[in-house]
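Enquirer: CSV, C-alpha atoms, file start07.csv:
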```
chain,number,residue,atom,x,y,z
A,1,MET,CA,-20.1,-2.5,37.1
A,2,ALA,CA,-23.2,-4.1,35.9
A,3,GLY,CA,-22.9,-6.7,33.1
A,4,LEU,CA,-23.6,-5.2,29.7
A,5,ARG,CA,-26.9,-7.2,29.6
A,6,GLY,CA,-27.9,-5.2,32.6
A,7,ILE,CA,-27.5,-1.8,30.8
A,8,LYS,CA,-29.7,-2.4,27.8
A,9,ASP,CA,-32.0,0.6,27.7
A,10,ALA,CA,-31.6,1.0,31.4
A,11,THR,CA,-30.0,4.5,31.1
A,12,ALA,CA,-30.4,7.5,28.8
A,13,ILE,CA,-28.4,10.5,27.7
A,14,VAL,CA,-30.6,13.5,28.7
A,15,GLY,CA,-28.3,16.5,28.3
A,16,ILE,CA,-25.6,17.6,25.9
A,17,GLY,CA,-23.4,20.7,25.9
A,18,GLN,CA,-20.5,22.1,24.0
A,19,THR,CA,-18.4,25.2,23.7
A,20,PRO,CA,-17.6,26.9,20.4
A,21,PHE,CA,-15.0,25.1,18.3
A,22,ALA,CA,-12.0,27.0,16.8
A,23,LYS,CA,-8.3,26.7,16.0
A,24,ARG,CA,-7.6,28.9,19.0
A,25,LEU,CA,-9.8,29.7,22.0
A,26,GLY,CA,-8.7,32.0,24.7
A,27,GLU,CA,-9.9,30.1,27.7
A,28,ASP,CA,-8.0,27.3,29.4
A,29,GLU,CA,-9.1,23.6,29.3
A,30,LYS,CA,-10.6,23.7,32.8
A,31,THR,CA,-12.8,26.7,31.9
A,32,LEU,CA,-13.9,25.1,28.7
A,33,ALA,CA,-14.8,21.9,30.5
A,34,CYS,CA,-16.9,23.7,33.1
A,35,ARG,CA,-18.8,25.6,30.4
A,36,ALA,CA,-19.6,22.4,28.5
A,37,VAL,CA,-20.7,20.5,31.6
A,38,LEU,CA,-22.9,23.4,32.8
A,39,ALA,CA,-24.4,23.6,29.4
A,40,ALA,CA,-25.2,19.8,29.4
A,41,LEU,CA,-26.7,20.0,32.9
A,42,ASP,CA,-28.9,23.0,31.8
A,43,ASP,CA,-30.0,21.1,28.7
A,44,ALA,CA,-31.1,18.2,31.0
A,45,GLY,CA,-32.7,20.5,33.6
A,46,ILE,CA,-30.5,19.0,36.4
A,47,ALA,CA,-28.7,21.0,39.1
A,48,PRO,CA,-24.9,20.5,39.4
A,49,GLY,CA,-25.4,19.4,43.0
A,50,GLU,CA,-27.2,16.3,41.9
A,51,VAL,CA,-24.2,14.9,39.9
A,52,ASP,CA,-22.6,12.0,41.7
A,53,ALA,CA,-20.7,10.2,38.9
A,54,LEU,CA,-18.0,11.4,36.4
A,55,ALA,CA,-16.2,9.7,33.5
A,56,SER,CA,-13.6,11.1,31.2
A,57,PHE,CA,-10.3,10.3,29.4
A,58,THR,CA,-6.9,9.5,31.0
A,59,MET,CA,-5.6,12.2,28.7
A,60,GLU,CA,-8.1,14.8,30.2
A,61,GLU,CA,-6.1,17.6,31.9
A,62,THR,CA,-9.1,18.7,34.1
A,63,ASP,CA,-9.3,16.3,36.9
A,64,GLU,CA,-12.4,15.3,38.9
A,65,VAL,CA,-11.5,17.3,42.0
A,66,GLU,CA,-11.1,20.6,40.2
A,67,LEU,CA,-14.2,20.1,38.0
A,68,ALA,CA,-16.3,19.2,41.0
A,69,LYS,CA,-15.3,22.2,43.0
A,70,ALA,CA,-15.6,24.6,40.1
A,71,VAL,CA,-19.0,23.5,39.0
A,72,GLY,CA,-20.5,22.6,42.4
A,73,PHE,CA,-21.1,18.9,42.3
A,74,GLY,CA,-22.4,17.0,45.3
A,75,ASP,CA,-20.7,13.9,46.8
A,76,LEU,CA,-19.2,11.7,44.0
A,77,THR,CA,-19.7,8.0,44.4
A,78,PHE,CA,-18.3,6.9,41.0
A,79,PHE,CA,-15.5,8.3,38.8
A,80,SER,CA,-13.5,6.7,36.1
A,81,LYS,CA,-11.1,7.5,33.3
A,82,VAL,CA,-10.6,5.7,30.0
A,83,GLY,CA,-7.3,5.3,28.2
A,84,TYR,CA,-6.2,5.3,24.6
A,85,GLY,CA,-7.2,8.8,23.5
A,86,GLY,CA,-10.0,8.8,21.0
A,87,GLY,CA,-10.6,5.1,21.7
A,88,GLY,CA,-12.1,6.1,25.0
A,89,SER,CA,-14.9,8.4,24.0
A,90,CYS,CA,-17.9,6.0,23.9
A,91,ALA,CA,-16.5,4.1,26.9
A,92,THR,CA,-17.0,7.1,29.2
A,93,VAL,CA,-20.7,6.9,28.6
A,94,ALA,CA,-20.7,3.1,28.9
A,95,HIS,CA,-18.9,3.4,32.3
A,96,LEU,CA,-21.6,5.8,33.6
A,97,ALA,CA,-24.4,3.6,32.2
A,98,GLY,CA,-22.9,0.6,34.1
A,99,ALA,CA,-22.6,2.6,37.3
A,100,ILE,CA,-26.1,4.0,37.2
A,101,ALA,CA,-27.7,0.6,36.2
A,102,SER,CA,-25.9,-1.1,39.1
A,103,GLY,CA,-27.0,1.6,41.6
A,104,GLN,CA,-23.6,3.1,42.3
A,105,ALA,CA,-24.7,6.5,41.1
A,106,SER,CA,-27.8,8.4,39.8
A,107,VAL,CA,-26.6,11.3,37.7
A,108,GLY,CA,-23.4,10.9,35.6
A,109,VAL,CA,-21.4,13.4,33.5
A,110,ALA,CA,-18.9,12.5,30.8
A,111,TRP,CA,-16.8,15.2,29.2
A,112,ARG,CA,-13.8,16.0,27.1
A,113,SER,CA,-12.0,19.3,27.0
A,114,ARG,CA,-9.0,19.9,24.7
A,115,LYS,CA,-6.8,22.6,23.3
A,116,ARG,CA,-5.4,20.6,20.4
A,117,GLY,CA,-5.5,23.5,18.0
A,118,SER,CA,-3.5,25.8,20.1
A,119,GLY,CA,-1.8,23.3,22.4
A,120,PRO,CA,1.1,20.8,22.0
A,121,ARG,CA,1.0,17.5,20.0
A,122,PRO,CA,1.2,14.5,22.4
A,123,TRP,CA,3.9,12.8,20.4
A,124,THR,CA,6.3,15.8,20.7
A,125,ASN,CA,6.9,15.1,24.4
A,126,THR,CA,10.5,13.9,24.2
A,127,THR,CA,10.4,12.4,27.7
A,128,VAL,CA,7.9,9.8,26.5
A,129,GLN,CA,9.1,9.3,22.9
A,130,LEU,CA,9.9,5.6,23.2
A,131,PRO,CA,7.5,3.6,25.4
A,132,THR,CA,7.8,-0.1,24.5
A,133,PRO,CA,5.3,-0.2,21.6
A,134,ALA,CA,6.9,2.9,20.0
A,135,GLN,CA,10.3,1.3,19.8
A,136,TRP,CA,8.9,-0.7,16.9
A,137,THR,CA,7.6,2.4,15.0
A,138,ARG,CA,9.2,5.7,15.8
A,139,PRO,CA,12.9,4.8,15.0
A,140,PHE,CA,11.7,3.7,11.5
A,141,GLY,CA,9.9,7.0,10.7
A,142,LEU,CA,6.4,6.4,12.0
A,143,LEU,CA,6.5,9.4,14.2
A,144,ARG,CA,2.9,10.5,14.2
A,145,PRO,CA,-0.5,8.7,14.2
A,146,ALA,CA,-0.9,9.9,10.6
A,147,ASP,CA,2.3,7.9,9.6
A,148,GLU,CA,1.0,4.8,11.3
A,149,ILE,CA,-2.4,4.9,9.8
A,150,ALA,CA,-0.9,5.7,6.4
A,151,MET,CA,0.9,2.4,6.5
A,152,LEU,CA,-2.4,0.6,7.3
A,153,THR,CA,-4.1,2.5,4.5
A,154,ARG,CA,-1.4,1.5,2.0
A,155,ARG,CA,-1.8,-2.1,2.9
A,156,TYR,CA,-5.6,-1.8,2.7
A,157,MET,CA,-5.3,-0.3,-0.8
A,158,HIS,CA,-2.9,-3.0,-1.9
A,159,GLU,CA,-5.0,-5.9,-0.6
A,160,TYR,CA,-8.5,-4.8,-1.6
A,161,GLY,CA,-8.1,-2.2,-4.3
A,162,ALA,CA,-9.4,0.7,-2.4
A,163,THR,CA,-8.6,4.1,-4.0
A,164,ARG,CA,-8.1,7.7,-3.1
A,165,ASP,CA,-11.6,8.3,-4.6
A,166,HIS,CA,-13.0,6.1,-1.9
A,167,LEU,CA,-11.2,8.2,0.8
A,168,PHE,CA,-12.4,11.3,-0.9
A,169,ASN,CA,-16.0,10.0,-0.6
A,170,VAL,CA,-15.5,10.0,3.1
A,171,ALA,CA,-14.0,13.4,3.3
A,172,LEU,CA,-16.7,14.9,1.1
A,173,ALA,CA,-19.6,13.4,3.1
A,174,CYS,CA,-18.2,14.9,6.3
A,175,ARG,CA,-17.5,18.2,4.7
A,176,ASN,CA,-21.0,18.4,3.2
A,177,ARG,CA,-22.5,17.8,6.6
A,178,ALA,CA,-20.2,20.5,8.1
A,179,ASN,CA,-21.4,22.9,5.5
A,180,GLN,CA,-24.9,22.5,7.0
A,181,ASN,CA,-23.7,22.9,10.6
A,182,PRO,CA,-23.0,26.5,11.7
A,183,ALA,CA,-21.0,25.3,14.7
A,184,ALA,CA,-18.6,23.4,12.5
A,185,VAL,CA,-15.1,24.7,11.9
A,186,MET,CA,-15.5,24.0,8.2
A,187,TYR,CA,-19.1,25.4,8.0
A,188,ASP,CA,-18.3,27.9,5.2
A,189,ARG,CA,-15.6,25.9,3.4
A,190,PRO,CA,-16.9,23.5,0.7
A,191,LEU,CA,-14.6,20.7,-0.6
A,192,THR,CA,-14.2,19.6,-4.2
A,193,ARG,CA,-12.5,16.6,-5.7
A,194,GLU,CA,-9.9,18.8,-7.3
A,195,MET,CA,-9.1,20.4,-4.0
A,196,TYR,CA,-8.7,17.0,-2.5
A,197,MET,CA,-6.6,15.4,-5.2
A,198,THR,CA,-4.2,18.4,-5.5
A,199,SER,CA,-3.7,19.0,-1.7
A,200,ARG,CA,-0.4,18.4,0.0
A,201,TRP,CA,0.6,15.0,1.4
A,202,ILE,CA,0.6,14.6,5.2
A,203,SER,CA,1.8,11.0,5.1
A,204,GLU,CA,1.3,9.4,1.7
A,205,PRO,CA,-1.3,8.1,0.8
A,206,LEU,CA,-3.0,10.4,3.3
A,207,CYS,CA,-3.4,14.0,2.1
A,208,LEU,CA,-4.4,17.1,4.0
A,209,PHE,CA,-8.1,16.3,3.8
A,210,ASP,CA,-7.7,12.7,5.0
A,211,ASN,CA,-6.6,14.1,8.4
A,212,CYS,CA,-8.8,15.4,11.2
A,213,LEU,CA,-8.9,19.0,12.3
A,214,GLU,CA,-6.8,20.4,15.1
A,215,THR,CA,-9.4,22.0,17.4
A,216,ASP,CA,-9.9,23.8,20.8
A,217,GLY,CA,-13.2,23.0,22.4
A,218,ALA,CA,-15.1,21.0,25.0
A,219,LEU,CA,-18.2,18.8,25.1
A,220,ALA,CA,-20.2,16.9,27.8
A,221,CYS,CA,-23.2,14.8,28.2
A,222,VAL,CA,-25.5,13.8,31.2
A,223,VAL,CA,-26.6,10.2,31.8
A,224,VAL,CA,-29.4,9.1,34.2
A,225,SER,CA,-31.6,6.1,34.6
A,226,ARG,CA,-34.5,5.5,32.3
A,227,GLU,CA,-36.9,6.3,35.1
A,228,ARG,CA,-35.3,9.6,35.8
A,229,ALA,CA,-35.0,10.4,32.1
A,230,ARG,CA,-38.8,10.7,31.9
A,231,ASP,CA,-38.7,13.9,34.0
A,232,CYS,CA,-35.9,15.6,32.2
A,233,ARG,CA,-36.3,18.5,29.7
A,234,ARG,CA,-35.3,16.7,26.5
A,235,ARG,CA,-36.3,13.5,24.7
A,236,PRO,CA,-34.3,10.6,26.2
A,237,VAL,CA,-31.7,8.9,24.1
A,238,TYR,CA,-31.3,5.4,25.4
A,239,VAL,CA,-28.0,3.5,25.7
A,240,HIS,CA,-29.1,0.3,24.1
A,241,SER,CA,-25.8,-1.5,24.0
A,242,ALA,CA,-22.1,-0.6,24.7
A,243,ALA,CA,-18.8,-2.3,24.2
A,244,GLN,CA,-15.0,-1.9,24.5
A,245,GLY,CA,-12.5,-3.8,22.3
A,246,LEU,CA,-8.9,-4.6,22.7
A,247,PRO,CA,-7.9,-7.6,20.5
A,248,ALA,CA,-5.4,-10.2,21.4
A,249,GLN,CA,-1.8,-9.2,20.6
A,250,HIS,CA,-2.9,-5.7,19.6
A,251,HIS,CA,-0.2,-3.1,18.8
A,252,GLY,CA,-1.6,0.4,18.7
A,253,MET,CA,-2.4,1.8,15.2
A,254,VAL,CA,-0.1,-0.5,13.2
A,255,ASN,CA,-1.4,-3.8,14.6
A,256,TYR,CA,1.9,-5.5,14.0
A,257,TRP,CA,1.4,-8.7,16.0
A,258,ASN,CA,-2.2,-9.6,14.9
A,259,ASP,CA,-2.7,-12.4,12.4
A,260,ASP,CA,-4.4,-9.8,10.2
A,261,PRO,CA,-3.4,-6.1,10.8
A,262,LEU,CA,-6.6,-4.9,9.0
A,263,THR,CA,-8.8,-6.7,11.6
A,264,GLY,CA,-8.5,-4.0,14.3
A,265,PRO,CA,-10.2,-3.3,17.6
A,266,ALA,CA,-13.5,-2.4,15.9
A,267,TRP,CA,-14.0,-6.1,15.2
A,268,THR,CA,-13.6,-7.1,18.8
A,269,ALA,CA,-15.9,-4.2,20.0
A,270,ALA,CA,-18.5,-5.0,17.4
A,271,ARG,CA,-18.9,-8.7,18.4
A,272,HIS,CA,-19.7,-7.6,21.9
A,273,LEU,CA,-21.9,-4.7,20.9
A,274,TRP,CA,-24.2,-6.7,18.6
A,275,LYS,CA,-24.2,-9.7,21.0
A,276,HIS,CA,-25.9,-7.6,23.6
A,277,ALA,CA,-28.3,-5.7,21.3
A,278,ASP,CA,-31.7,-6.4,19.9
A,279,LEU,CA,-30.7,-4.6,16.7
A,280,THR,CA,-28.3,-5.5,13.8
A,281,PRO,CA,-26.3,-3.3,11.5
A,282,GLU,CA,-29.3,-3.3,9.1
A,283,ASP,CA,-31.4,-1.5,11.7
A,284,VAL,CA,-29.0,1.4,12.1
A,285,ASP,CA,-30.4,4.6,10.5
A,286,VAL,CA,-27.4,6.9,10.9
A,287,ALA,CA,-23.8,6.4,12.1
A,288,GLN,CA,-21.2,8.6,13.8
A,289,ILE,CA,-18.0,6.7,13.0
A,290,TYR,CA,-14.6,7.9,14.4
A,291,ASP,CA,-12.8,9.8,11.6
A,292,ALA,CA,-9.5,11.0,12.8
A,293,PHE,CA,-8.4,9.7,9.3
A,294,THR,CA,-10.6,8.9,6.3
A,295,ALA,CA,-9.2,5.4,6.1
A,296,LEU,CA,-10.7,4.5,9.4
A,297,ILE,CA,-14.2,4.7,7.9
A,298,PRO,CA,-13.9,1.7,5.5
A,299,LEU,CA,-12.1,-0.3,8.1
A,300,SER,CA,-14.9,0.5,10.7
A,301,LEU,CA,-17.7,-0.2,8.2
A,302,GLU,CA,-16.3,-3.7,7.8
A,303,GLY,CA,-15.5,-4.2,11.5
A,304,TYR,CA,-19.1,-3.2,12.6
A,305,GLY,CA,-20.7,-5.4,10.0
A,306,PHE,CA,-22.1,-3.0,7.4
A,307,CYS,CA,-20.2,-4.8,4.6
A,308,GLY,CA,-17.8,-7.7,4.1
A,309,ARG,CA,-14.1,-7.8,4.3
A,310,GLY,CA,-12.4,-5.6,1.7
A,311,GLU,CA,-15.7,-4.0,0.7
A,312,GLY,CA,-15.4,-0.8,2.8
A,313,GLY,CA,-14.0,1.3,0.0
A,314,ALA,CA,-16.7,0.2,-2.5
A,315,PHE,CA,-19.4,0.8,0.2
A,316,THR,CA,-18.7,4.6,0.0
A,317,GLU,CA,-19.6,4.8,-3.7
A,318,GLY,CA,-22.8,6.3,-5.1
A,319,GLY,CA,-23.4,8.7,-2.2
A,320,ALA,CA,-23.8,6.0,0.3
A,321,LEU,CA,-22.5,8.1,3.2
A,322,GLU,CA,-24.6,11.2,2.3
A,323,ILE,CA,-28.1,12.0,3.6
A,324,GLY,CA,-30.5,9.7,1.8
A,325,GLY,CA,-27.7,7.1,1.2
A,326,ARG,CA,-27.2,3.6,2.6
A,327,LEU,CA,-25.7,4.9,5.8
A,328,PRO,CA,-25.6,8.6,6.5
A,329,LEU,CA,-22.4,9.4,8.2
A,330,ASN,CA,-21.0,11.9,10.7
A,331,THR,CA,-23.9,14.3,10.2
A,332,GLY,CA,-22.3,17.2,12.2
A,333,GLY,CA,-19.2,17.0,10.1
A,334,GLY,CA,-17.2,14.7,12.3
A,335,GLY,CA,-13.6,15.0,13.3
A,336,LEU,CA,-12.7,15.8,9.7
A,337,SER,CA,-14.8,18.9,9.3
A,338,GLU,CA,-16.8,19.8,12.5
A,339,ALA,CA,-14.1,19.6,15.3
A,340,TYR,CA,-11.6,17.1,16.6
A,341,VAL,CA,-12.2,16.7,20.3
A,342,HIS,CA,-11.2,13.0,20.6
A,343,GLY,CA,-14.5,12.0,19.1
A,344,PHE,CA,-16.9,13.3,21.7
A,345,ASN,CA,-18.8,15.4,19.2
A,346,LEU,CA,-19.8,12.1,17.5
A,347,ILE,CA,-21.7,11.2,20.8
A,348,THR,CA,-23.5,14.5,21.0
A,349,GLU,CA,-24.3,14.4,17.3
A,350,GLY,CA,-25.8,11.0,17.7
A,351,VAL,CA,-28.0,12.4,20.5
A,352,LYS,CA,-29.1,15.3,18.2
A,353,GLN,CA,-30.1,12.8,15.5
A,354,LEU,CA,-32.2,10.8,17.8
A,355,ARG,CA,-33.8,13.9,19.2
A,356,GLY,CA,-34.5,15.1,15.7
A,357,THR,CA,-32.5,18.3,16.1
A,358,SER,CA,-29.5,17.8,13.9
A,359,THR,CA,-28.6,20.4,11.3
A,360,ALA,CA,-28.5,17.5,8.8
A,361,GLN,CA,-31.3,15.4,10.2
A,362,VAL,CA,-32.0,11.9,8.9
A,363,PRO,CA,-35.8,11.6,8.7
A,364,GLY,CA,-37.2,9.2,11.2
A,365,ALA,CA,-33.8,8.2,12.7
A,366,ALA,CA,-34.4,5.8,15.6
A,367,ALA,CA,-31.0,4.0,16.0
A,368,CYS,CA,-27.5,5.4,15.8
A,369,LEU,CA,-24.2,3.7,16.0
A,370,VAL,CA,-21.4,5.8,17.6
A,371,THR,CA,-17.8,4.5,17.5
A,372,ALA,CA,-14.5,5.6,19.1
A,373,GLY,CA,-11.1,5.4,17.5
A,374,GLU,CA,-10.3,2.4,15.3
A,375,GLY,CA,-6.6,1.5,15.4
A,376,VAL,CA,-6.4,1.8,19.2
A,377,PRO,CA,-8.3,0.0,22.0
A,378,THR,CA,-11.7,1.3,21.3
A,379,SER,CA,-15.4,1.5,22.3
A,380,ALA,CA,-18.8,1.9,20.8
A,381,LEU,CA,-22.4,2.8,21.7
A,382,LEU,CA,-25.7,1.8,20.1
A,383,LEU,CA,-28.2,4.6,20.9
A,384,THR,CA,-31.9,4.5,20.3
A,385,ASN,CA,-34.9,6.8,21.0
A,386,ARG,CA,-37.4,4.0,21.5
A,387,SER,CA,-37.6,2.4,24.9
```
Please lay out the structure from this file as structure tokens.
Expert:
Amino acid sequence: MAGLRGIKDATAIVGIGQTPFAKRLGEDEKTLACRAVLAALDDAGIAPGEVDALASFTMEETDEVELAKAVGFGDLTFFSKVGYGGGGSCATVAHLAGAIASGQASVGVAWRSRKRGSGPRPWTNTTVQLPTPAQWTRPFGLLRPADEIAMLTRRYMHEYGATRDHLFNVALACRNRANQNPAAVMYDRPLTREMYMTSRWISEPLCLFDNCLETDGALACVVVSRERARDCRRRPVYVHSAAQGLPAQHHGMVNYWNDDPLTGPAWTAARHLWKHADLTPEDVDVAQIYDAFTALIPLSLEGYGFCGRGEGGAFTEGGALEIGGRLPLNTGGGGLSEAYVHGFNLITEGVKQLRGTSTAQVPGAAACLVTAGEGVPTSALLLTNRS
């Protein structure tokens, strides 16, 4: 794959597609995947037979062979899968950008299809309950991702004075944007501080509204070279920089072995992302930051350089994450209030912002940061609409 210097603005996302989102959809994951991919190709004005590259998640149940046959792709010359659940979302686009920039392919499709709302929880599979990392968490009661992130959250609150009001600011910003987005699961369900503060605990200090939705749905995007992008139907959104991050001695979610558990994979990905970019955090107009849990937002704000260590909670104050604030956030509603499909909707919302078609449009948005899951080996994209 081409070095990341070689992908700067060399490729563009030219098509996006999605199915409806709901707690329960009748169609299976393969059918949902096909619908999202076909919608993205139609959005780009590209025929299925021109697709020669694919990228998705290791947790994706629809494999390349089945998707290629069902949709009618041509010969595939590149295909990859990225691990670590939500940490892989942005990396799927990065892999396609590298393949296209290096000449291995010309039209790439990344996708994620999931029935999390009506399907099983991954951690309930008793045959894989105790892989080596889990032996240090699950026997001690950290059975779910929510339990592991709750422990990190408690430490963050203890060390830096972050409060539940700071977490509420995150939940509220995402819900407010979902209330503007007819496709969002929480479109017609406003959130108040009283609702938040009196809701049931999921894993203290994380309450119901600190946790992402459980959603059925699928999304996809189409990536081509900057030259090809000029001939597509929609305004190109360029992949300016991309990065993955897995810090030394990392231990998923809890970061047990790091010198500082609160310096997670975002910090590693961010160093690489900004090193290969012409932009800085100050140039970002809008951000789509992975929000499986509200506490990931202040951790990511610090990791990606929007504020200093321990300042992520305070950063959320004064409407900073709302439209018109310091950093408008998750403008489709994010995983907390639009849909949770392993973060892929953050990519498509970033594209909408830079096309100028979001339901909560940031005026003049020209640069958007999109991140994958903090707490696990992660990835990030810096998207722009200026070549």
Enquirer: As an exercise, work out the distance from atom CA of His166 of chain A to atom CA of Leu152 of chain A in Å and give it to one decimal place.
Expert: 15.1 Å
Enquirer: Measuring between all atoms listed in the file, which one of A:Ala146, A:Leu346, A:Met195, A:Cys307 shows the shortest distance to Leu219 of chain A?
Expert: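 For Leu219 of chain A, the nearest of the candidates is A:Leu346.
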Enquirer: Find, counting all atoms listed in the file, the residue in A:Glu227, A:Glu317, A:Glu50, A:Asp260 that gets nearest to Ser387 of chain A.
Expert: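 Checking each candidate against Ser387 of chain A, we get A:Glu227 as the closest.
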Enquirer: Go through A:Ala269, A:Ala339, A:Val376, A:Leu296 and flag the residue nearest Tyr84 of chain A, using only C-alpha atoms for the distances.
Expert: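 The answer is A:Val376, which sits nearest to Tyr84 of chain A.
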Enquirer: Please list as an MDAnalysis selection string every residue within 9 Å of segment 201-203 of chain A, counting only C-alpha atoms and excluding residues in the same chain fewer than 2 positions away.
Expert: chainID A and resid 146:151 199 205:211
Enquirer: If I take atom CA of Asn255 of chain A and atom CA of Lys115 of chain A, how far is one from the other in Å, to one decimal?
Expert: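 If I compute the distance from atom CA of Asn255 of chain A to atom CA of Lys115 of chain A, I get 28.3 Å.
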Enquirer: Using all atoms listed in the file, which protein or nucleic acid residues come within 6 Å of Val82 of chain A? Drop anything in the same chain fewer than 3 positions from it, and give the result as a list in words.
Expert: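 So, after excluding close chain neighbours, the residues are Phe57, Thr58 and Gly88 of chain A.
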Enquirer: Export C-alpha atoms of the chosen residues as a compact mmCIF listing (two decimals), in the coordinates of the input?
Expert:
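Below is the file that was written, again_37.txt:
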```txt
# COMPACT_ATOMS: atom_id res chain seq x y z
CA PHE A 57 -10.30 10.30 29.40
CA THR A 58 -6.90 9.50 31.00
CA GLY A 88 -12.10 6.10 25.00
```
Enquirer: Restricting the calculation to all atoms listed in the file: of A:Thr384, A:Asn258, A:Gln135, A:Thr11, which residue gets closest to Ala101 of chain A?
Expert: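 Of A:Thr384, A:Asn258, A:Gln135, A:Thr11, the one nearest Ala101 of chain A, counting all atoms listed in the file, is A:Thr11.
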Enquirer: With distances taken over all atoms listed in the file, which of A:Val37, A:Ala287, A:Val185, A:Leu383 is nearest to Ala22 of chain A?
Expert: A:Val185
Enquirer: Determine the nearest neighbour of Ala277 of chain A from the options A:Gln104, A:Thr62, A:Gln249, A:Ser241, counting all atoms listed in the file.
Expert: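 Ranked by minimum distance to Ala277 of chain A, first place goes to A:Ser241.
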Enquirer: Need the neighbours of (-19.1, 27.4, 18.8): which residues are at most 10 Å away, counting all atoms listed in the file, as a PyMOL selection string?
Expert: chain A and resi 18-22+182-185+217-218+339
Enquirer: For segment 360-362 of chain A, please output as a PyMOL selection string all residues within 10 Å (counting all atoms listed in the file; exclusion window: fewer than 4 positions along the same chain).
Expert: chain A and resi 176-181+285-286+322-324+327-333+349+352-356+366
Enquirer: Could you give me, as a PDB file with C-alpha atoms, in the coordinates of the input, the residues within 7 Å of Thr294 of chain A, counting only C-alpha atoms and dropping anything in the same chain fewer than 3 positions from it?
Expert:
```pdb
ATOM      1  CA  LEU A 167     -11.200   8.200   0.800  1.00  0.00           C
ATOM      2  CA  VAL A 170     -15.500  10.000   3.100  1.00  0.00           C
ATOM      3  CA  ALA A 171     -14.000  13.400   3.300  1.00  0.00           C
ATOM      4  CA  ASP A 210      -7.700  12.700   5.000  1.00  0.00           C
ATOM      5  CA  ASN A 211      -6.600  14.100   8.400  1.00  0.00           C
ATOM      6  CA  ASP A 291     -12.800   9.800  11.600  1.00  0.00           C
ATOM      7  CA  ILE A 297     -14.200   4.700   7.900  1.00  0.00           C
TER       8      ILE A 297
END
```
Enquirer: Just give me the gap between atom CA of Ala220 of chain A and atom CA of Leu273 of chain A in Å, one decimal is fine.
Expert: 22.7 Å
Enquirer: Got a sec: who's within 9 Å of Ala53 of chain A, counting only C-alpha atoms, leaving out chain neighbours fewer than 6 positions off, as number ranges by chain?
Expert: A: 75-80, 96, 99-100, 104-110
